[in-house]
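Next comes coords_31.cif, a file with mmCIF, C-alpha atoms.
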```cif
data_entry
loop_
_atom_site.label_atom_id
_atom_site.label_comp_id
_atom_site.auth_asym_id
_atom_site.auth_seq_id
_atom_site.Cartn_x
_atom_site.Cartn_y
_atom_site.Cartn_z
CA MET A 149 85.58 92.19 81.25
CA GLU A 150 85.96 95.45 83.17
CA GLU A 151 89.42 96.99 82.93
CA SER A 152 91.13 98.21 86.10
CA GLY A 153 93.82 100.34 84.47
CA LEU A 154 96.61 98.18 85.83
CA ILE A 155 99.56 97.94 83.44
CA LEU A 156 99.85 94.14 83.51
CA GLU A 157 96.20 93.25 83.97
CA HIS A 158 95.32 89.76 82.64
CA LYS A 159 99.04 88.96 82.15
CA VAL A 160 100.93 85.97 83.54
CA ALA A 161 104.60 86.33 84.47
CA VAL A 162 107.31 83.89 85.52
CA VAL A 163 110.14 85.46 87.52
CA THR A 164 113.20 83.32 88.30
CA GLY A 165 115.18 83.98 91.45
CA ALA A 166 112.16 85.81 92.89
CA GLY A 167 112.92 84.92 96.50
CA SER A 168 115.01 88.01 97.21
CA GLY A 169 116.61 91.16 95.82
CA ILE A 170 115.77 92.23 92.29
CA GLY A 171 113.64 89.17 91.59
CA ARG A 172 111.41 89.73 94.61
CA ALA A 173 111.04 93.42 93.80
CA ILE A 174 109.98 92.57 90.24
CA ALA A 175 107.52 89.90 91.38
CA LEU A 176 105.92 92.28 93.89
CA LEU A 177 105.65 95.15 91.42
CA PHE A 178 104.25 92.96 88.63
CA ALA A 179 101.61 91.64 91.01
CA GLU A 180 100.73 95.18 92.09
CA GLU A 181 100.17 95.98 88.42
CA GLY A 182 97.77 93.08 87.96
CA ALA A 183 99.94 90.18 86.79
CA ARG A 184 99.54 86.67 88.10
CA VAL A 185 103.09 85.80 89.12
CA VAL A 186 104.87 82.46 89.21
CA VAL A 187 107.67 82.79 91.75
CA ALA A 188 110.32 80.44 90.34
CA GLU A 189 112.88 80.11 93.11
CA ILE A 190 115.29 77.40 94.26
CA ASN A 191 115.09 78.42 97.93
CA PRO A 192 112.07 76.71 99.54
CA GLN A 193 111.87 79.37 102.25
CA THR A 194 112.29 82.68 100.44
CA GLY A 195 110.11 81.74 97.46
CA PRO A 196 106.98 81.16 99.57
CA GLU A 197 107.77 84.37 101.48
CA THR A 198 107.53 86.32 98.23
CA VAL A 199 104.23 84.60 97.42
CA ALA A 200 102.90 85.43 100.89
CA ALA A 201 103.83 89.09 100.45
CA ILE A 202 102.04 89.21 97.09
CA ARG A 203 98.91 87.57 98.45
CA GLU A 204 98.90 89.78 101.53
CA ALA A 205 98.83 92.79 99.20
CA GLY A 206 95.87 91.32 97.32
CA GLY A 207 97.77 89.82 94.37
CA GLU A 208 97.85 86.34 92.92
CA ALA A 209 100.99 84.21 92.93
CA LEU A 210 102.26 80.65 92.82
CA PHE A 211 105.54 79.27 94.15
CA VAL A 212 107.42 76.69 92.06
CA LYS A 213 110.75 75.33 93.29
CA VAL A 214 113.06 75.66 90.31
CA ASP A 215 116.70 74.93 89.60
CA VAL A 216 117.29 76.90 86.39
CA THR A 217 120.31 74.73 85.54
CA CYS A 218 118.01 71.76 84.95
CA PRO A 219 116.22 71.95 81.57
CA THR A 220 113.61 69.37 82.55
CA VAL A 221 112.61 71.32 85.66
CA VAL A 222 112.47 74.57 83.71
CA ASN A 223 110.25 72.97 81.04
CA GLU A 224 107.95 71.62 83.75
CA THR A 225 107.71 75.11 85.27
CA VAL A 226 106.43 76.55 82.02
CA GLU A 227 104.02 73.63 81.66
CA ARG A 228 102.70 74.15 85.18
CA THR A 229 102.31 77.87 84.57
CA VAL A 230 100.20 77.28 81.49
CA ALA A 231 98.21 74.51 83.17
CA THR A 232 97.43 76.82 86.10
CA TYR A 233 96.85 80.14 84.37
CA GLY A 234 96.31 79.20 80.73
CA GLN A 235 99.07 81.37 79.31
CA LEU A 236 102.58 82.81 79.73
CA ASP A 237 103.07 86.42 78.71
CA ILE A 238 106.23 87.51 80.50
CA LEU A 239 109.43 85.76 81.53
CA VAL A 240 112.00 87.51 83.71
CA ASN A 241 115.33 85.66 83.81
CA ASN A 242 116.72 87.00 87.05
CA ALA A 243 118.28 84.04 88.89
CA GLY A 244 122.00 84.63 89.30
CA VAL A 245 125.10 83.88 91.35
CA HIS A 246 128.52 85.52 91.75
CA GLN A 247 131.98 84.11 92.41
CA MET A 248 134.91 86.39 93.25
CA GLY A 249 138.58 85.81 92.41
CA LEU A 250 141.25 85.98 89.74
CA ALA A 251 140.90 83.81 86.63
CA GLU A 252 143.86 81.63 87.68
CA ASP A 253 142.20 81.00 91.04
CA THR A 254 138.78 80.14 89.59
CA SER A 255 138.23 76.39 89.74
CA ASP A 256 136.46 74.45 87.02
CA ARG A 257 133.63 73.86 89.47
CA ASP A 258 133.19 77.56 90.28
CA TRP A 259 133.38 78.56 86.62
CA ARG A 260 130.74 76.00 85.68
CA ALA A 261 128.52 76.89 88.64
CA VAL A 262 128.32 80.55 87.62
CA LEU A 263 127.91 79.94 83.90
CA SER A 264 125.27 77.26 84.44
CA VAL A 265 123.02 79.54 86.48
CA ASN A 266 123.67 82.91 84.88
CA LEU A 267 123.83 81.90 81.22
CA ASP A 268 122.58 78.34 80.77
CA GLY A 269 119.61 79.10 83.01
CA VAL A 270 118.64 82.08 80.87
CA PHE A 271 118.81 79.95 77.73
CA TYR A 272 116.84 77.03 79.18
CA ALA A 273 114.05 79.22 80.53
CA SER A 274 113.87 81.31 77.36
CA ARG A 275 113.76 78.21 75.18
CA ALA A 276 110.89 76.78 77.19
CA ALA A 277 108.96 80.06 77.20
CA LEU A 278 109.48 80.82 73.52
CA SER A 279 107.56 77.77 72.35
CA GLN A 280 104.54 78.83 74.42
CA MET A 281 104.83 82.48 73.39
CA ARG A 282 104.93 81.53 69.71
CA GLU A 283 101.64 79.68 70.15
CA GLN A 284 100.19 82.80 71.74
CA ASN A 285 101.62 85.08 69.01
CA GLY A 286 103.50 87.29 71.42
CA GLY A 287 105.26 87.80 74.72
CA SER A 288 108.07 89.61 76.49
CA ILE A 289 111.30 88.15 77.86
CA ILE A 290 113.42 90.31 80.14
CA ASN A 291 116.92 89.17 81.03
CA ILE A 292 118.66 90.66 84.05
CA ALA A 293 122.21 91.07 82.82
CA SER A 294 124.69 93.52 84.38
CA GLY A 295 126.97 96.41 83.69
CA ALA A 296 129.66 93.78 84.32
CA GLY A 297 128.56 92.13 81.08
CA LEU A 298 129.29 95.30 79.11
CA GLY A 299 132.60 96.56 80.45
CA GLY A 300 133.89 94.06 82.98
CA VAL A 301 134.66 94.49 86.67
CA PRO A 302 137.62 93.28 88.79
CA PHE A 303 137.89 89.76 90.18
CA SER A 304 134.78 88.42 88.41
CA PRO A 305 135.81 86.43 85.31
CA ALA A 306 132.95 83.94 85.38
CA TYR A 307 130.34 86.55 86.30
CA CYS A 308 131.44 88.95 83.56
CA ALA A 309 131.59 86.17 80.96
CA SER A 310 128.13 84.93 81.90
CA LYS A 311 126.52 88.37 81.85
CA GLY A 312 128.26 89.26 78.59
CA GLY A 313 126.78 86.09 77.18
CA VAL A 314 123.33 87.12 78.37
CA VAL A 315 123.67 90.47 76.57
CA LEU A 316 124.46 88.87 73.20
CA LEU A 317 121.99 86.03 73.68
CA THR A 318 119.34 88.70 74.23
CA LYS A 319 120.24 90.48 71.01
CA GLN A 320 120.41 87.27 69.00
CA MET A 321 117.09 85.85 70.15
CA ALA A 322 115.42 89.22 69.60
CA ILE A 323 116.33 88.99 65.91
CA ASP A 324 114.86 85.51 65.47
CA TYR A 325 111.63 86.03 67.40
CA GLU A 326 110.60 89.55 66.45
CA PRO A 327 108.51 88.18 63.53
CA TYR A 328 106.44 86.23 66.10
CA GLY A 329 105.63 89.30 68.17
CA ILE A 330 108.01 88.27 70.96
CA ARG A 331 110.18 91.03 72.39
CA ILE A 332 113.43 90.13 74.18
CA ASN A 333 115.34 92.78 76.12
CA ALA A 334 117.89 92.98 78.92
CA ILE A 335 118.53 95.22 81.87
CA CYS A 336 122.15 95.96 82.79
CA PRO A 337 122.14 97.49 86.28
CA GLY A 338 125.06 98.93 88.10
CA ALA A 339 125.43 98.19 91.82
CA VAL A 340 122.11 97.10 93.35
CA ASP A 341 121.46 96.89 97.08
CA ALA A 342 120.73 93.16 97.01
CA PRO A 343 122.25 90.01 98.58
CA LEU A 344 124.55 89.44 95.60
CA MET A 345 126.57 92.52 96.55
CA ASP A 346 127.39 91.04 99.94
CA THR A 347 129.77 88.67 98.15
CA LEU A 348 131.75 91.65 96.89
CA PHE A 349 131.95 93.41 100.24
CA GLN A 350 132.98 90.21 102.01
CA PHE A 351 135.67 89.55 99.39
CA TYR A 352 137.30 92.97 99.61
CA ARG A 353 137.15 93.38 103.39
CA PRO A 354 136.21 90.15 105.16
CA GLU A 355 137.05 91.59 108.58
CA ASP A 356 134.60 94.51 108.17
CA PRO A 357 132.40 94.29 105.04
CA GLU A 358 130.06 97.04 106.25
CA SER A 359 132.83 99.64 106.28
CA TYR A 360 133.78 98.67 102.73
CA ARG A 361 130.13 98.97 101.72
CA ALA A 362 130.04 102.56 103.03
CA GLU A 363 133.21 103.50 101.14
CA TYR A 364 131.91 101.79 97.99
CA GLU A 365 128.65 103.70 98.07
CA ASP A 366 130.47 107.01 98.56
CA ARG A 367 132.18 106.45 95.19
CA LEU A 368 128.94 105.86 93.27
CA PRO A 369 127.40 108.68 91.20
CA LEU A 370 124.20 108.72 93.30
CA GLY A 371 126.09 108.22 96.54
CA ARG A 372 124.21 104.97 97.02
CA MET A 373 123.42 101.70 95.31
CA LEU A 374 120.26 101.21 93.29
CA ASP A 375 117.20 100.01 95.15
CA PRO A 376 115.87 96.72 93.70
CA ARG A 377 112.51 98.41 93.08
CA GLU A 378 114.23 100.92 90.80
CA VAL A 379 115.33 97.99 88.64
CA ALA A 380 111.82 96.54 88.87
CA TYR A 381 110.33 99.69 87.32
CA GLN A 382 112.53 99.18 84.26
CA ALA A 383 111.36 95.57 84.04
CA LEU A 384 107.75 96.75 84.28
CA PHE A 385 108.31 99.10 81.35
CA LEU A 386 109.85 96.35 79.22
CA ALA A 387 107.05 93.93 80.14
CA SER A 388 104.30 96.36 79.22
CA HIS A 389 102.73 97.61 76.01
CA LYS A 390 104.50 100.93 76.64
CA SER A 391 107.73 99.44 75.22
CA TYR A 392 106.14 97.79 72.18
CA LEU A 393 108.84 99.19 69.84
CA LEU A 394 111.77 97.88 71.87
CA THR A 395 113.45 94.52 71.29
CA GLY A 396 117.09 93.48 71.41
CA HIS A 397 117.73 96.45 73.69
CA CYS A 398 119.96 96.51 76.78
CA VAL A 399 118.82 99.12 79.28
CA VAL A 400 121.74 100.43 81.31
CA ILE A 401 120.77 101.88 84.68
#
```
In structure tokens, how does this file's structure come out?
Amino acid sequence: MEESGLILEHKVAVVTGAGSGIGRAIALLFAEEGARVVVAEINPQTGPETVAAIREAGGEALFVKVDVTCPTVVNETVERTVATYGQLDILVNNAGVHQMGLAEDTSDRDWRAVLSVNLDGVFYASRAALSQMREQNGGSIINIASGAGLGGVPFSPAYCASKGGVVLLTKQMAIDYEPYGIRINAICPGAVDAPLMDTLFQFYRPEDPESYRAEYEDRLPLGRMLDPREVAYQALFLASHKSYLLTGHCVVI
């Protein structure tokens, strides 16, 4: 088979939450680099839009409607991936939600909603993928955590707890699965210009979130938020053979 020089040629990747923001950027970049991408997204409109963008650029992709909080659905997604493409080489656990407020104002429902997507979803998808990756003697799992999971941020108890859990789950699974050639790493971004940040701006200044956004960006070291594609490049590195010595690592950007 003739090689094209693409970094992820002949690889198959599942990206959760790939309908927008970081997930879409990762799906697009992986496809550009030769991967066949399963767009695992709960939104039946934005998921197909990502697939359409990939195909328009000449890539190969499949949309699967996925609720990462449902283990059965997640297992079926992995099964469909393997049935369609014959393998699963890369899993990006990106699906996430955010809920703002003080701990005393966080309802049981809101707490559970955030933890079930941000932490349970990562575990369910990883568990499903790991069985397949063990059969293949290798693979790469990339968890999108957050700087909020390392040091905490205001008014985000459930979000910080969930992302902190992702960080340690990453490190723990990396220990167990290194002997099988499976690498498990996390990315901990700072502020990313993606829909999730709109929740923050709306919370702090509901009457004029755009003005708060401008002030927020002025305080950042770069004078702006990260572009989702800048996060995607880190995911590409962790998915590729170029990071073959890295596992259990949390990349802070």
If you take all atoms listed in the file and a cut-off of 7 Å, which residues of region 262-340 of chain A touch region 217-220 of chain A, and what are their nearest atom pairs and distances in Å to one decimal, in chain and number order, as CSV?
```
residue,atom,partner,partner_atom,distance
A:Ser264,CA,A:Thr217,CA,5.7
A:Val265,CA,A:Thr217,CA,5.6
A:Asp268,CA,A:Thr217,CA,6.4
A:Gly269,CA,A:Thr217,CA,5.1
A:Tyr272,CA,A:Pro219,CA,5.6
```
Nearby residues (all atoms listed in the file) at most 8 Å from Phe178 (chain A), same-chain spacing under 6 positions excluded, as an NGL selection string
:A and (156 or 161 or 184-185 or 384)
File of the preceding selection, C-alpha atoms, as a short mmCIF file (atom, residue, chain, number, x, y, z; two decimals), in the frame of the given file:
```
data_model
loop_
_atom_site.label_atom_id
_atom_site.label_comp_id
_atom_site.auth_asym_id
_atom_site.auth_seq_id
_atom_site.Cartn_x
_atom_site.Cartn_y
_atom_site.Cartn_z
CA LEU A 156 99.85 94.14 83.51
CA ALA A 161 104.60 86.33 84.47
CA ARG A 184 99.54 86.67 88.10
CA VAL A 185 103.09 85.80 89.12
CA LEU A 384 107.75 96.75 84.28
#
```
Which region 262-292 of chain A residues have any atom within 6 Å of an atom of region 232-243 of chain A, and for each, what is the nearest pair of atoms with distance in Å to one decimal, counting only C-alpha atoms, rows sorted by chain and number, as a Markdown table?
```
| residue | atom | partner | partner_atom | distance |
| --- | --- | --- | --- | --- |
| A:Val270 | CA | A:Asn241 | CA | 5.7 |
| A:Gly287 | CA | A:Asp237 | CA | 4.8 |
| A:Ser288 | CA | A:Ile238 | CA | 4.9 |
| A:Ile289 | CA | A:Leu239 | CA | 4.8 |
| A:Ile290 | CA | A:Val240 | CA | 4.8 |
| A:Asn291 | CA | A:Asn241 | CA | 4.8 |
| A:Ile292 | CA | A:Asn242 | CA | 5.1 |
```
Could those residues be written to a file, using C-alpha atoms, as a compact mmCIF listing (two decimals), in the coordinates of the input?
```
# COMPACT_ATOMS: atom_id res chain seq x y z
CA VAL A 270 118.64 82.08 80.87
CA GLY A 287 105.26 87.80 74.72
CA SER A 288 108.07 89.61 76.49
CA ILE A 289 111.30 88.15 77.86
CA ILE A 290 113.42 90.31 80.14
CA ASN A 291 116.92 89.17 81.03
CA ILE A 292 118.66 90.66 84.05
```
I'd like the residues picked by the PyMOL selection byres ((chain A and resi 251) around 8) written out as a PyMOL selection string, using the chain letters and numbers from the file.
chain A and resi 249-250+252-254+303-305
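Against the coordinates shown, the PyMOL selection byres ((chain A and resi 306) around 7) returns Trp259, Val262, Leu263, Ser304, Pro305, Tyr307, Cys308, Ala309 and Ser310 of chain A.
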Residues near region 346-363 of chain A, cut-off 9 Å, all atoms listed in the file, skip fewer than 6 positions along chain, as a PyMOL selection string
chain A and resi 246-249+372
So what does the PyMOL selection byres ((chain A and resi 182) around 7) actually pick up in this one, as a PyMOL selection string?
chain A and resi 154-158+178-181+183-184
Go through A:Ala277, A:Leu298, A:Ala387, A:Val187 one by one, measure the shortest atom-to-atom distance of each to Arg331 (chain A) using only C-alpha atoms, and give the residue with the smallest value.
A:Ala387
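For the pair CA of Ile332 (chain A) and CA of Val226 (chain A), the separation is 17.2 Å.
Distances here use all atoms listed in the file; by that measure, the residue among A:Gly329, A:Pro196, A:Gly169, A:Gly153 closest to Glu283 (chain A) is A:Gly329.
Relative to CA of Gly396 (chain A), CA of Asn333 (chain A) is found at 5.1 Å.
A straight line drawn from CA of Ala261 (chain A) to CA of Val162 (chain A) is 22.6 Å long.
If all atoms listed in the file are the atoms counted, then among A:Thr318, A:Ser168, A:Gln280, A:Thr194 the closest residue to Ala231 (chain A) is A:Gln280.
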Would you mind putting N, CA and C atoms back on region 325-345 of chain A and writing the result as a PDB file, in the coordinates of the input?
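Below you can see out.pdb, which holds the result:
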```
ATOM      1  N   TYR A 325     113.017  86.155  66.938  1.00  0.00           N
ATOM      2  CA  TYR A 325     111.630  86.030  67.400  1.00  0.00           C
ATOM      3  C   TYR A 325     110.791  87.286  67.241  1.00  0.00           C
ATOM      4  N   GLU A 326     111.387  88.336  66.722  1.00  0.00           N
ATOM      5  CA  GLU A 326     110.600  89.550  66.450  1.00  0.00           C
ATOM      6  C   GLU A 326     109.442  89.264  65.490  1.00  0.00           C
ATOM      7  N   PRO A 327     109.632  88.444  64.435  1.00  0.00           N
ATOM      8  CA  PRO A 327     108.510  88.180  63.530  1.00  0.00           C
ATOM      9  C   PRO A 327     107.312  87.504  64.204  1.00  0.00           C
ATOM     10  N   TYR A 328     107.524  86.912  65.384  1.00  0.00           N
ATOM     11  CA  TYR A 328     106.440  86.230  66.100  1.00  0.00           C
ATOM     12  C   TYR A 328     105.812  87.119  67.177  1.00  0.00           C
ATOM     13  N   GLY A 329     106.198  88.387  67.184  1.00  0.00           N
ATOM     14  CA  GLY A 329     105.630  89.300  68.170  1.00  0.00           C
ATOM     15  C   GLY A 329     106.213  89.143  69.561  1.00  0.00           C
ATOM     16  N   ILE A 330     107.370  88.489  69.660  1.00  0.00           N
ATOM     17  CA  ILE A 330     108.010  88.270  70.960  1.00  0.00           C
ATOM     18  C   ILE A 330     109.168  89.258  71.098  1.00  0.00           C
ATOM     19  N   ARG A 331     109.109  90.058  72.135  1.00  0.00           N
ATOM     20  CA  ARG A 331     110.180  91.030  72.390  1.00  0.00           C
ATOM     21  C   ARG A 331     111.106  90.489  73.466  1.00  0.00           C
ATOM     22  N   ILE A 332     112.415  90.648  73.249  1.00  0.00           N
ATOM     23  CA  ILE A 332     113.430  90.130  74.180  1.00  0.00           C
ATOM     24  C   ILE A 332     114.421  91.247  74.463  1.00  0.00           C
ATOM     25  N   ASN A 333     114.460  91.684  75.712  1.00  0.00           N
ATOM     26  CA  ASN A 333     115.340  92.780  76.120  1.00  0.00           C
ATOM     27  C   ASN A 333     116.103  92.408  77.376  1.00  0.00           C
ATOM     28  N   ALA A 334     117.091  93.208  77.707  1.00  0.00           N
ATOM     29  CA  ALA A 334     117.890  92.980  78.920  1.00  0.00           C
ATOM     30  C   ALA A 334     118.006  94.264  79.714  1.00  0.00           C
ATOM     31  N   ILE A 335     118.217  94.098  80.990  1.00  0.00           N
ATOM     32  CA  ILE A 335     118.530  95.220  81.870  1.00  0.00           C
ATOM     33  C   ILE A 335     119.935  95.006  82.404  1.00  0.00           C
ATOM     34  N   CYS A 336     120.759  96.033  82.315  1.00  0.00           N
ATOM     35  CA  CYS A 336     122.150  95.960  82.790  1.00  0.00           C
ATOM     36  C   CYS A 336     122.328  96.963  83.932  1.00  0.00           C
ATOM     37  N   PRO A 337     122.010  96.550  85.159  1.00  0.00           N
ATOM     38  CA  PRO A 337     122.140  97.490  86.280  1.00  0.00           C
ATOM     39  C   PRO A 337     123.585  97.650  86.709  1.00  0.00           C
ATOM     40  N   GLY A 338     123.820  98.769  87.360  1.00  0.00           N
ATOM     41  CA  GLY A 338     125.060  98.930  88.100  1.00  0.00           C
ATOM     42  C   GLY A 338     124.895  98.237  89.445  1.00  0.00           C
ATOM     43  N   ALA A 339     125.487  98.802  90.484  1.00  0.00           N
ATOM     44  CA  ALA A 339     125.430  98.190  91.820  1.00  0.00           C
ATOM     45  C   ALA A 339     124.017  98.295  92.388  1.00  0.00           C
ATOM     46  N   VAL A 340     123.464  97.162  92.786  1.00  0.00           N
ATOM     47  CA  VAL A 340     122.110  97.100  93.350  1.00  0.00           C
ATOM     48  C   VAL A 340     122.202  96.616  94.792  1.00  0.00           C
ATOM     49  N   ASP A 341     121.459  97.255  95.671  1.00  0.00           N
ATOM     50  CA  ASP A 341     121.460  96.890  97.080  1.00  0.00           C
ATOM     51  C   ASP A 341     120.680  95.589  97.265  1.00  0.00           C
ATOM     52  N   ALA A 342     121.342  94.484  96.983  1.00  0.00           N
ATOM     53  CA  ALA A 342     120.730  93.160  97.010  1.00  0.00           C
ATOM     54  C   ALA A 342     121.768  92.166  97.547  1.00  0.00           C
ATOM     55  N   PRO A 343     121.325  90.969  97.954  1.00  0.00           N
ATOM     56  CA  PRO A 343     122.250  90.010  98.580  1.00  0.00           C
ATOM     57  C   PRO A 343     123.497  89.689  97.764  1.00  0.00           C
ATOM     58  N   LEU A 344     123.399  89.766  96.433  1.00  0.00           N
ATOM     59  CA  LEU A 344     124.550  89.440  95.600  1.00  0.00           C
ATOM     60  C   LEU A 344     125.750  90.337  95.892  1.00  0.00           C
ATOM     61  N   MET A 345     125.482  91.587  96.279  1.00  0.00           N
ATOM     62  CA  MET A 345     126.570  92.520  96.550  1.00  0.00           C
ATOM     63  C   MET A 345     127.335  92.169  97.823  1.00  0.00           C
TER      64      MET A 345
END
```
